[in-house]
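Some notes on the structure that comes next.
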Amino acid sequence: MDVGIVGFGSYVPRHRIKVEEIARIWGADAPAYKKGLMLREKSVPTPDQDTITMSVEASRHALRRAGIDPAKIGAIYIGSESHPYAVKPSGTVVAEAIGATPEIHCADLEFACKAGSEGMFIAMSLVKAQQVEYALGIGADTSQGAPGDALEYSASAGAAAFLFGASKVLAVCEDSYSYMTDTPDFWRREYQFYPRHAGRFTGEPAYFKHVLACGRGLMEKAGATPDDFDWVVFHQPNGKFPMRAAQELGFPKEKVEQGWLCPTLGNTYSGSSPMGLAAILDVAKPGDRILMVSYGSGAGSDGFIWRVTGEITRVQGLAPHTRAQLENDPIYLDYGTYAKFRGKIRKLSA
Amino acid sequence: MIGTARYWREVPQRYRYEAAQCTKCDKIYFPPRLLCAKCRGREFKKTILPHDGTVETFTVIRVAPSSFTDEAPYAVGIVKLSNGVRLTTQIVDCDPEKLRIGDRVRLEFRRIQQDGESGILCYGYKFVPDTARA
Amino acid sequence: MRDVAVIGVGMNRWGELWEKSHRDIWTEAALQAIADAGVERVESMYVGCMSGGLFMGQEHLGPLLAEQLGCGPIPGTRVESACASGGLSFRQAYFDVASGAHDIVLATGLEKMTDVDGAAATYALSTAADQEYECYQGITFPGLYAMMARAHMHRYGTTRRQLADVAVKNHQHGSMNPLAQFQGKITAEQVETSVLVADPLRILDCSPITDGAAAVVLAPVEMAKKLTRKPLVRVAASAHATDHMALHDRNDLCWIESTAVAARSAYEQAGIGPAKLSFCEVHDCFTIAEVMVIEALGIAEKGKGGEAASSGRTALGGAIPVNPSGGLKSKGHPVGATGIAQIREAVMQLREECGPRQVGKARYGLTQNMGGTGASSVVHIFERI
């Protein structure tokens, strides 16, 4: 039985802030940051946007492509580091909004930036096990970066939703693989507003160890090499890391570029590689193969091999493309408005 | 300020735009009601509002109610949907100074307000300009 | 139904009355009206008050206030229709007398708005609109009228200056009203450069937050002839109509249908048309409201209400003075009291007691009191007999 993606969609907020504008406030060297991070600007959610609202819009786009009755969705998993409630699932609001209630499983997920891909894995596995007919896996975040910290330049907002099923599959999941260890590279304690990270430790022993091991492990498991893929997408904490990962695994730049959203989107955390995948599916051709490797601090990577089917061309135009949302009509903010939107200004408590 | 039951009761309207259409005379009510004012019919069928409309009038709120102070200035408008039903909503993701009567807009799911720092989050609908990005 | 007259009026100086409680504010006005009527006591009392609960934490105003009068266990009724509470309170008192249930009845209005902070007052006022489908969405009261203004300006070419002229006119009138909250005159330029509240409306387009009360005494005409030597003023018409609560559900965003319906009924009851009116007191909660109301009353052609203040037609000395008292804009707007104060002004104008702001010899005067964005309208016509 071929199980895979039967509907996909993404959502990019319209507002942006440029690296220069953040650097201006903190007295940082903007050109150096832009070069070092390979990042020019990032998306900014407005105060009325959050993981739930973006997940609803991304799911609506996915459903437009899937063309199924939402009441048939048997499970919904939203992975995020910025669920609006600490206790009360994001998934129930989204399920209610898309008309998937009441016969549906739901739980919110957290695994830093790979909670979205975990949701995709669980959703897909439920369909594969024939426990449900359709299941939704969503990665969405409105992540925060501490003021003046390096992460402030990249922490951004976005969502991607994937509906899994076993009929009219757009992209079959040929194989999957997960690689995880306990590695404290980036974390946020309960009741803390901003996350913390371990500086350079987040590179080699964290991101690269897991992404590369996952990529290699998956390709070995599938008996594949980089030549077998038309596209590859990695988790994108900045523009540089995924490019280096591609190089180390032997993928040419051209295969990375379509899904490489970070330079103008920033790091959408749980949305990162899922949104990159959506950007690829927007333009992929039947028969194309895609390697996807996510990464979540703490740490681990989920790898997937997707094989695009002939069903894809029928649906690509049915919902907004990821790159179109990213590139068309952005609204640029100054740092003051950005700080106000992100709740970084201390106010009189209610 | 908003009670949980009061908020929850309107969820089919706020999340899914569920309206009621009179089975006798086809008039659409949003929110649904028990009696059709036009033909006095009592039977309705569920209908979902379309997502697109045009701006009939609008204002820019500069002195906002306490739940919305951080968002000011923001545009609020009366939008006529493609099926004739009119809604009052915020119009966001646009420069309020550039809005014009007649602009085409579409619905998006957004957070409308929240009950302080520890109360519930209230979601619903707002309009955004129907630009080419989609 | 019996013919009814208004035989006494009372009102206090309106404003931010920090030192007076709602009890005292109301009782002052009530006792003044009873004295003006030349009676000892009243048999029934009505108080129009939009929200004792939200402004003062006090409901059950009927008995609370009735006991201040020392008239024994009389019926005391609190009437509510948002900003039309006062007018509706009068209408209930009118029926009380016209039906023969009672002879001497007191109709009053009251609001004490300054005991709560600005945000709480704004919230209380917003309860006049649809909570779930207007206010939940982030609209404010000025915002709703601002949308009506923009629609009117777009369709009919009403201008920013024409709106300002309404405020200027009403302050001009109010400067001659010793009980008005604001006694100073303003210029159109001041209006147009005042702080923006909801585009295109600015703070000087909006009526203020006010504490105040007003009261009138009603009696059957036959009895009135024996009770008072003052010129007799009778109620020639009383009408009340409602419309869709939410502005977005109205048929025409540029038209106040409830006022038009109530006015039609009132003209029919009185046996006159708008041309016979010597003046009117209308609900100028915002400048655009006066523009749209005079259209609905048939005093201005549909779409042409903007020209009236600018041309001087509705100023004192013009063809049909509107709001000789200063209107809500200058006199103030203690919500529940406004409708009664309009009636007080009408009665005093018909009795020729208004001094510098007297419209001249008048036979018919109309009052129009409105709730929310026009979801309810109460129209009365008074005649000097």
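So you can find residues: chains in the structure tokens are A, B, ... in the order shown, residues in each start at 1, and ligands are numbered from 1 in order.
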Those of stretch 202-303 of chain A in DSSP strand (DSSP E), formatted as a list of chain:residue names:
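So the strand (DSSP E) residues in stretch 202-303 of chain A would be A:Trp231, A:Val232, A:Val233, A:Phe234, A:Arg289, A:Ile290, A:Leu291, A:Met292, A:Val293, A:Gly298, A:Ala299, A:Gly300, A:Ser301, A:Asp302, A:Gly303.
Near chain B, counting only C-alpha atoms at 7 Å, the chain C residues are Ala119, Tyr133, Glu134, Gln137, Gly138, Ile139, Thr140, Gly143, Ala146, Met147, Arg150, Ala151, Leu196, Val197, Ala198, Asp199, His248 and Asp249 of chain C.
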Those same residues - N, CA and C atoms - I'd like them written as an mmCIF file, in the first residue's frame.
```cif
data_model
loop_
_atom_site.group_PDB
_atom_site.id
_atom_site.type_symbol
_atom_site.label_atom_id
_atom_site.label_comp_id
_atom_site.auth_asym_id
_atom_site.auth_seq_id
_atom_site.Cartn_x
_atom_site.Cartn_y
_atom_site.Cartn_z
ATOM 1 N N ALA C 119 -11.591 53.386 30.121
ATOM 2 C CA ALA C 119 -11.758 52.100 29.432
ATOM 3 C C ALA C 119 -13.083 51.455 29.827
ATOM 4 N N TYR C 133 -20.818 40.190 17.272
ATOM 5 C CA TYR C 133 -20.454 40.330 15.861
ATOM 6 C C TYR C 133 -19.995 41.719 15.472
ATOM 7 N N GLU C 134 -20.029 42.657 16.446
ATOM 8 C CA GLU C 134 -19.439 43.966 16.176
ATOM 9 C C GLU C 134 -18.308 44.198 17.171
ATOM 10 N N GLN C 137 -15.172 41.980 17.475
ATOM 11 C CA GLN C 137 -14.252 42.138 16.356
ATOM 12 C C GLN C 137 -13.297 43.314 16.518
ATOM 13 N N GLY C 138 -13.501 44.158 17.521
ATOM 14 C CA GLY C 138 -12.579 45.276 17.724
ATOM 15 C C GLY C 138 -13.138 46.624 17.318
ATOM 16 N N ILE C 139 -14.430 46.701 16.956
ATOM 17 C CA ILE C 139 -14.996 48.001 16.582
ATOM 18 C C ILE C 139 -15.351 48.759 17.862
ATOM 19 N N THR C 140 -15.317 50.067 17.776
ATOM 20 C CA THR C 140 -15.728 50.914 18.901
ATOM 21 C C THR C 140 -16.951 51.692 18.461
ATOM 22 N N GLY C 143 -16.095 54.204 16.089
ATOM 23 C CA GLY C 143 -15.718 53.475 14.878
ATOM 24 C C GLY C 143 -16.929 53.159 14.017
ATOM 25 N N ALA C 146 -18.016 56.277 12.478
ATOM 26 C CA ALA C 146 -17.002 56.659 11.493
ATOM 27 C C ALA C 146 -17.227 55.909 10.190
ATOM 28 N N MET C 147 -17.629 54.652 10.295
ATOM 29 C CA MET C 147 -17.904 53.882 9.075
ATOM 30 C C MET C 147 -19.127 54.444 8.366
ATOM 31 N N ARG C 150 -17.904 57.615 6.642
ATOM 32 C CA ARG C 150 -17.133 57.368 5.424
ATOM 33 C C ARG C 150 -18.043 56.937 4.282
ATOM 34 N N ALA C 151 -19.028 56.103 4.593
ATOM 35 C CA ALA C 151 -19.948 55.654 3.547
ATOM 36 C C ALA C 151 -20.747 56.833 3.001
ATOM 37 N N LEU C 196 -7.462 62.386 16.318
ATOM 38 C CA LEU C 196 -8.238 61.381 15.581
ATOM 39 C C LEU C 196 -8.685 60.281 16.535
ATOM 40 N N VAL C 197 -9.953 59.921 16.422
ATOM 41 C CA VAL C 197 -10.473 58.836 17.258
ATOM 42 C C VAL C 197 -10.685 57.586 16.413
ATOM 43 N N ALA C 198 -11.405 57.762 15.307
ATOM 44 C CA ALA C 198 -11.607 56.672 14.338
ATOM 45 C C ALA C 198 -11.842 57.375 13.020
ATOM 46 N N ASP C 199 -10.907 57.235 12.111
ATOM 47 C CA ASP C 199 -10.980 58.027 10.873
ATOM 48 C C ASP C 199 -12.334 57.900 10.204
ATOM 49 N N HIS C 248 -23.947 46.272 10.072
ATOM 50 C CA HIS C 248 -23.737 45.572 8.813
ATOM 51 C C HIS C 248 -24.990 44.856 8.306
ATOM 52 N N ASP C 249 -26.013 44.732 9.153
ATOM 53 C CA ASP C 249 -27.244 44.082 8.715
ATOM 54 C C ASP C 249 -28.281 45.080 8.191
#
```
Each chain B residue no farther than 9 Å from chain A, nearest pair in Å, only C-alpha atoms, as CSV:
```
residue,atom,partner,partner_atom,distance
B:Val11,CA,A:Glu96,CA,8.3
B:Pro12,CA,A:Ala97,CA,8.0
B:Arg14,CA,A:Ala97,CA,8.5
B:Tyr15,CA,A:Ala97,CA,4.8
B:Arg16,CA,A:Ala97,CA,5.5
B:Asp70,CA,A:Lys340,CA,7.8
B:Glu71,CA,A:Pro47,CA,7.5
B:Asp93,CA,A:Arg14,CA,6.8
B:Cys94,CA,A:Ile331,CA,8.1
B:Glu108,CA,A:Glu57,CA,7.2
B:Phe109,CA,A:Thr53,CA,5.6
B:Arg110,CA,A:Thr53,CA,5.3
B:Arg111,CA,A:Asp48,CA,4.5
B:Ile112,CA,A:Asp48,CA,6.4
B:Gln113,CA,A:Asp48,CA,7.8
B:Gly116,CA,A:Ala350,CA,6.6
B:Glu117,CA,A:Ala350,CA,7.5
B:Ile120,CA,A:Tyr85,CA,8.8
B:Leu121,CA,A:Pro84,CA,8.2
B:Tyr123,CA,A:Thr53,CA,8.1
B:Thr131,CA,A:Asp329,CA,7.9
B:Ala132,CA,A:Asn328,CA,7.4
B:Arg133,CA,A:Asn328,CA,5.1
B:Ala134,CA,A:Pro320,CA,4.6
```
Generate a file of the selected residues that holds N, CA and C atoms, formatted as a PDB file, in the first residue's frame.
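Final output, saved to again.pdb:
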```
ATOM      1  N   VAL B  11     -18.282  29.402  18.356  1.00  0.00           N
ATOM      2  CA  VAL B  11     -17.178  28.800  17.600  1.00  0.00           C
ATOM      3  C   VAL B  11     -17.581  28.363  16.180  1.00  0.00           C
ATOM      4  N   PRO B  12     -18.717  27.718  15.959  1.00  0.00           N
ATOM      5  CA  PRO B  12     -19.058  27.336  14.577  1.00  0.00           C
ATOM      6  C   PRO B  12     -19.094  28.542  13.642  1.00  0.00           C
ATOM      7  N   ARG B  14     -17.401  31.582  14.334  1.00  0.00           N
ATOM      8  CA  ARG B  14     -16.114  32.257  14.303  1.00  0.00           C
ATOM      9  C   ARG B  14     -15.047  31.439  13.592  1.00  0.00           C
ATOM     10  N   TYR B  15     -15.107  30.106  13.717  1.00  0.00           N
ATOM     11  CA  TYR B  15     -14.054  29.278  13.112  1.00  0.00           C
ATOM     12  C   TYR B  15     -14.420  28.809  11.704  1.00  0.00           C
ATOM     13  N   ARG B  16     -15.679  28.431  11.527  1.00  0.00           N
ATOM     14  CA  ARG B  16     -16.056  27.764  10.263  1.00  0.00           C
ATOM     15  C   ARG B  16     -17.036  28.567   9.424  1.00  0.00           C
ATOM     16  N   ASP B  70      -2.972  47.397  21.995  1.00  0.00           N
ATOM     17  CA  ASP B  70      -1.667  47.189  21.370  1.00  0.00           C
ATOM     18  C   ASP B  70      -1.745  47.143  19.849  1.00  0.00           C
ATOM     19  N   GLU B  71      -2.928  46.958  19.305  1.00  0.00           N
ATOM     20  CA  GLU B  71      -3.021  46.831  17.852  1.00  0.00           C
ATOM     21  C   GLU B  71      -3.280  48.164  17.165  1.00  0.00           C
ATOM     22  N   ASP B  93      -2.944  43.302   7.697  1.00  0.00           N
ATOM     23  CA  ASP B  93      -1.884  43.075   6.705  1.00  0.00           C
ATOM     24  C   ASP B  93      -1.975  44.108   5.591  1.00  0.00           C
ATOM     25  N   CYS B  94      -2.285  45.341   5.944  1.00  0.00           N
ATOM     26  CA  CYS B  94      -2.355  46.394   4.939  1.00  0.00           C
ATOM     27  C   CYS B  94      -2.065  47.709   5.634  1.00  0.00           C
ATOM     28  N   GLU B 108      -9.283  35.461   6.756  1.00  0.00           N
ATOM     29  CA  GLU B 108      -8.216  34.645   7.309  1.00  0.00           C
ATOM     30  C   GLU B 108      -8.513  34.383   8.765  1.00  0.00           C
ATOM     31  N   PHE B 109      -8.042  33.234   9.248  1.00  0.00           N
ATOM     32  CA  PHE B 109      -8.224  32.856  10.642  1.00  0.00           C
ATOM     33  C   PHE B 109      -7.168  33.579  11.472  1.00  0.00           C
ATOM     34  N   ARG B 110      -7.606  34.335  12.476  1.00  0.00           N
ATOM     35  CA  ARG B 110      -6.669  35.090  13.300  1.00  0.00           C
ATOM     36  C   ARG B 110      -7.100  35.045  14.749  1.00  0.00           C
ATOM     37  N   ARG B 111      -6.149  35.417  15.625  1.00  0.00           N
ATOM     38  CA  ARG B 111      -6.505  35.564  17.025  1.00  0.00           C
ATOM     39  C   ARG B 111      -7.152  36.939  17.174  1.00  0.00           C
ATOM     40  N   ILE B 112      -8.346  36.996  17.760  1.00  0.00           N
ATOM     41  CA  ILE B 112      -9.067  38.267  17.857  1.00  0.00           C
ATOM     42  C   ILE B 112      -8.736  38.982  19.161  1.00  0.00           C
ATOM     43  N   GLN B 113      -8.797  38.285  20.262  1.00  0.00           N
ATOM     44  CA  GLN B 113      -8.462  38.908  21.532  1.00  0.00           C
ATOM     45  C   GLN B 113      -8.102  37.827  22.529  1.00  0.00           C
ATOM     46  N   GLY B 116      -6.639  38.716  29.076  1.00  0.00           N
ATOM     47  CA  GLY B 116      -5.485  39.009  29.931  1.00  0.00           C
ATOM     48  C   GLY B 116      -4.352  38.021  29.750  1.00  0.00           C
ATOM     49  N   GLU B 117      -3.496  37.946  30.780  1.00  0.00           N
ATOM     50  CA  GLU B 117      -2.311  37.094  30.678  1.00  0.00           C
ATOM     51  C   GLU B 117      -2.612  35.637  30.963  1.00  0.00           C
ATOM     52  N   ILE B 120      -8.480  32.811  28.516  1.00  0.00           N
ATOM     53  CA  ILE B 120      -8.493  32.080  27.245  1.00  0.00           C
ATOM     54  C   ILE B 120      -8.122  32.970  26.063  1.00  0.00           C
ATOM     55  N   LEU B 121      -7.690  32.284  25.000  1.00  0.00           N
ATOM     56  CA  LEU B 121      -7.383  32.950  23.740  1.00  0.00           C
ATOM     57  C   LEU B 121      -8.620  32.845  22.855  1.00  0.00           C
ATOM     58  N   TYR B 123     -10.282  33.210  19.147  1.00  0.00           N
ATOM     59  CA  TYR B 123      -9.975  33.248  17.715  1.00  0.00           C
ATOM     60  C   TYR B 123     -11.194  33.654  16.912  1.00  0.00           C
ATOM     61  N   THR B 131      -4.466  40.069  -2.438  1.00  0.00           N
ATOM     62  CA  THR B 131      -3.396  40.458  -3.352  1.00  0.00           C
ATOM     63  C   THR B 131      -3.001  39.290  -4.228  1.00  0.00           C
ATOM     64  N   ALA B 132      -2.040  39.569  -5.097  1.00  0.00           N
ATOM     65  CA  ALA B 132      -1.607  38.548  -6.046  1.00  0.00           C
ATOM     66  C   ALA B 132      -0.791  37.448  -5.402  1.00  0.00           C
ATOM     67  N   ARG B 133      -0.442  37.632  -4.089  1.00  0.00           N
ATOM     68  CA  ARG B 133       0.479  36.665  -3.515  1.00  0.00           C
ATOM     69  C   ARG B 133      -0.106  35.279  -3.493  1.00  0.00           C
ATOM     70  N   ALA B 134      -1.445  35.206  -3.458  1.00  0.00           N
ATOM     71  CA  ALA B 134      -2.082  33.899  -3.457  1.00  0.00           C
ATOM     72  C   ALA B 134      -2.301  33.454  -4.896  1.00  0.00           C
TER      73      ALA B 134
END
```
If we count only C-alpha atoms, what is near C:Leu201 at a cut-off of 9 Å, once residues fewer than 4 positions away on the same chain are taken out, given as a JSON list (two decimals) with C-alpha atoms, in the first residue's frame?
```json
[["chain", "number", "residue", "atom", "x", "y", "z"],
["B", 59, "THR", "CA", -12.55, 53.28, 9.62],
["C", 142, "PRO", "CA", -17.01, 56.08, 17.33],
["C", 143, "GLY", "CA", -15.72, 53.48, 14.88],
["C", 145, "TYR", "CA", -20.28, 56.06, 13.29],
["C", 146, "ALA", "CA", -17.00, 56.66, 11.49],
["C", 149, "ALA", "CA", -19.54, 58.83, 7.94],
["C", 160, "ARG", "CA", -15.02, 66.85, 6.48],
["C", 163, "LEU", "CA", -19.21, 67.60, 9.72],
["C", 192, "GLU", "CA", -10.45, 69.28, 12.00],
["C", 195, "VAL", "CA", -7.10, 64.16, 17.93],
["C", 196, "LEU", "CA", -8.24, 61.38, 15.58],
["C", 197, "VAL", "CA", -10.47, 58.84, 17.26],
["C", 205, "ASP", "CA", -16.82, 65.26, 16.35],
["C", 206, "CYS", "CA", -17.83, 63.19, 19.38],
["C", 286, "PHE", "CA", -21.38, 62.30, 16.60],
["C", 287, "THR", "CA", -21.49, 65.07, 14.01],
["C", 288, "ILE", "CA", -22.39, 62.60, 11.25]]
```
What's the 12 Å shell around C:Arg250, counting only C-alpha atoms, without same-chain residues fewer than 2 positions away, as a list in words?
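Surrounding residues, per the criterion: Ile78, Val85, Arg86, Leu87 and Thr88 of chain B; Met148, Thr242, Asp243, His244, Met245, Ala246, Leu247, His248, Asp252, Leu253, Cys254, Trp255, Ile256, Glu257, Ser258, Thr373, Gly374 and Ala375 of chain C.
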Find the residues near stretch 265-271 of chain C: any atom within 9 Å, counting only C-alpha atoms, skip ones fewer than 3 places away on the same chain, and give them as a VMD selection string.
chain C and resid 235 to 240 260 to 262 274 379 to 383
Could those residues be written to a file, using C-alpha atoms, as a compact mmCIF listing (two decimals), in the first residue's frame?
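Once written, part_17.txt looks like this:
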```txt
# COMPACT_ATOMS: atom_id res chain seq x y z
CA VAL C 235 -47.58 65.76 23.45
CA ALA C 236 -48.73 65.79 19.83
CA ALA C 237 -46.99 62.52 18.96
CA SER C 238 -44.98 59.69 20.49
CA ALA C 239 -43.31 57.12 18.29
CA HIS C 240 -40.72 54.36 18.66
CA ALA C 260 -37.45 57.55 9.48
CA VAL C 261 -40.05 55.00 10.58
CA ALA C 262 -40.61 56.64 13.96
CA PRO C 274 -41.56 68.47 8.80
CA VAL C 379 -39.47 60.57 18.28
CA HIS C 380 -41.81 62.98 20.01
CA ILE C 381 -43.59 66.05 18.69
CA PHE C 382 -44.72 68.77 21.08
CA GLU C 383 -47.27 71.46 20.39
```
Stretch 52-54 of chain B surroundings by only C-alpha atoms, 7 Å radius, close-in-sequence under 4 positions cut, as a CSV table (one decimal) with N, CA and C atoms, in the first residue's frame:
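Listed below is the output, out.csv:
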```
chain,number,residue,atom,x,y,z
B,79,VAL,N,-17.6,44.5,5.3
B,79,VAL,CA,-17.3,43.8,4.1
B,79,VAL,C,-18.5,43.1,3.6
B,80,LYS,N,-18.8,43.2,2.3
B,80,LYS,CA,-19.9,42.5,1.7
B,80,LYS,C,-19.3,41.2,1.0
B,81,LEU,N,-19.7,40.1,1.5
B,81,LEU,CA,-19.2,38.8,0.9
B,81,LEU,C,-19.8,38.6,-0.5
B,82,SER,N,-19.2,37.7,-1.2
B,82,SER,CA,-19.8,37.4,-2.6
B,82,SER,C,-21.2,36.9,-2.6
B,102,GLY,N,-14.4,49.5,-1.9
B,102,GLY,CA,-14.3,48.7,-3.1
B,102,GLY,C,-13.2,47.8,-3.2
B,103,ASP,N,-12.2,47.8,-2.3
B,103,ASP,CA,-11.1,46.9,-2.3
B,103,ASP,C,-11.6,45.5,-2.1
B,104,ARG,N,-10.9,44.6,-2.8
B,104,ARG,CA,-11.3,43.2,-2.6
B,104,ARG,C,-10.4,42.6,-1.5
B,105,VAL,N,-11.1,41.8,-0.7
B,105,VAL,CA,-10.5,41.2,0.5
B,105,VAL,C,-10.9,39.8,0.7
B,106,ARG,N,-10.1,39.0,1.5
B,106,ARG,CA,-10.6,37.6,1.8
B,106,ARG,C,-10.3,37.3,3.3
B,107,LEU,N,-11.1,36.3,3.8
B,107,LEU,CA,-11.1,36.0,5.2
B,107,LEU,C,-9.8,35.2,5.6
```
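From atom CA of C:Cys280 back to atom CA of C:Thr159, the distance works out to 23.1 Å.
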6 Å contact set for C:His171, only C-alpha atoms, chain neighbours under 6 positions out, as a CSV table (one decimal) with N, CA and C atoms, in the first residue's frame:
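Output file result_6.csv is given in full below:
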```csv
chain,number,residue,atom,x,y,z
C,185,LYS,N,-17.2,78.4,22.6
C,185,LYS,CA,-17.4,78.1,21.2
C,185,LYS,C,-16.1,77.5,20.6
C,326,GLY,N,-27.7,73.2,22.2
C,326,GLY,CA,-26.3,72.9,22.1
C,326,GLY,C,-26.1,71.4,21.7
C,330,SER,N,-22.4,69.8,22.8
C,330,SER,CA,-22.0,70.9,23.7
C,330,SER,C,-22.7,70.8,25.1
```
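One finds atom CA of A:Gly137 at 27.0 Å from atom CA of A:Arg196.
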Using DSSP on the backbone, list every residue of stretch 315-353 of chain C that comes out as helix (DSSP H, G or I), and give them as a PyMOL selection string.
chain C and resi 327-331+335-350
Keeping N, CA and C atoms, export the residues of the selection given above as a short mmCIF file (atom, residue, chain, number, x, y, z; two decimals), in the first residue's frame.
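Contents of out-v8.cif, freshly written:
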```
data_model
loop_
_atom_site.label_atom_id
_atom_site.label_comp_id
_atom_site.auth_asym_id
_atom_site.auth_seq_id
_atom_site.Cartn_x
_atom_site.Cartn_y
_atom_site.Cartn_z
N GLY C 327 -27.22 70.63 21.72
CA GLY C 327 -27.10 69.22 21.32
C GLY C 327 -26.24 68.44 22.31
N LEU C 328 -26.04 67.18 21.97
CA LEU C 328 -25.23 66.31 22.83
C LEU C 328 -23.80 66.81 22.84
N LYS C 329 -23.39 67.40 21.74
CA LYS C 329 -22.00 67.78 21.55
C LYS C 329 -21.56 68.81 22.59
N SER C 330 -22.40 69.83 22.80
CA SER C 330 -21.98 70.90 23.69
C SER C 330 -22.67 70.80 25.05
N LYS C 331 -23.91 70.34 25.06
CA LYS C 331 -24.67 70.22 26.31
C LYS C 331 -24.13 69.07 27.14
N VAL C 335 -25.85 59.56 29.16
CA VAL C 335 -26.63 58.79 28.21
C VAL C 335 -28.13 58.74 28.48
N GLY C 336 -28.52 58.25 29.63
CA GLY C 336 -29.96 58.08 29.90
C GLY C 336 -30.70 59.40 30.04
N ALA C 337 -29.98 60.47 30.33
CA ALA C 337 -30.63 61.76 30.58
C ALA C 337 -30.89 62.55 29.32
N THR C 338 -30.14 62.27 28.28
CA THR C 338 -30.22 63.07 27.05
C THR C 338 -31.63 63.21 26.50
N GLY C 339 -32.34 62.11 26.39
CA GLY C 339 -33.68 62.16 25.80
C GLY C 339 -34.61 63.09 26.58
N ILE C 340 -34.46 63.11 27.88
CA ILE C 340 -35.32 63.97 28.70
C ILE C 340 -34.90 65.43 28.56
N ALA C 341 -33.59 65.67 28.49
CA ALA C 341 -33.11 67.04 28.33
C ALA C 341 -33.57 67.62 27.00
N GLN C 342 -33.63 66.77 25.96
CA GLN C 342 -34.14 67.24 24.66
C GLN C 342 -35.58 67.71 24.82
N ILE C 343 -36.35 66.95 25.57
CA ILE C 343 -37.77 67.27 25.77
C ILE C 343 -37.91 68.52 26.61
N ARG C 344 -37.07 68.67 27.62
CA ARG C 344 -37.06 69.90 28.43
C ARG C 344 -36.84 71.11 27.55
N GLU C 345 -35.86 71.01 26.66
CA GLU C 345 -35.55 72.12 25.75
C GLU C 345 -36.76 72.42 24.86
N ALA C 346 -37.39 71.35 24.34
CA ALA C 346 -38.54 71.56 23.45
C ALA C 346 -39.64 72.30 24.20
N VAL C 347 -39.91 71.86 25.42
CA VAL C 347 -40.96 72.49 26.22
C VAL C 347 -40.62 73.96 26.51
N MET C 348 -39.37 74.23 26.88
CA MET C 348 -38.97 75.59 27.21
C MET C 348 -38.99 76.48 25.98
N GLN C 349 -38.61 75.92 24.83
CA GLN C 349 -38.67 76.71 23.59
C GLN C 349 -40.13 77.07 23.28
N LEU C 350 -41.03 76.09 23.43
CA LEU C 350 -42.44 76.34 23.12
C LEU C 350 -43.03 77.33 24.11
#
```
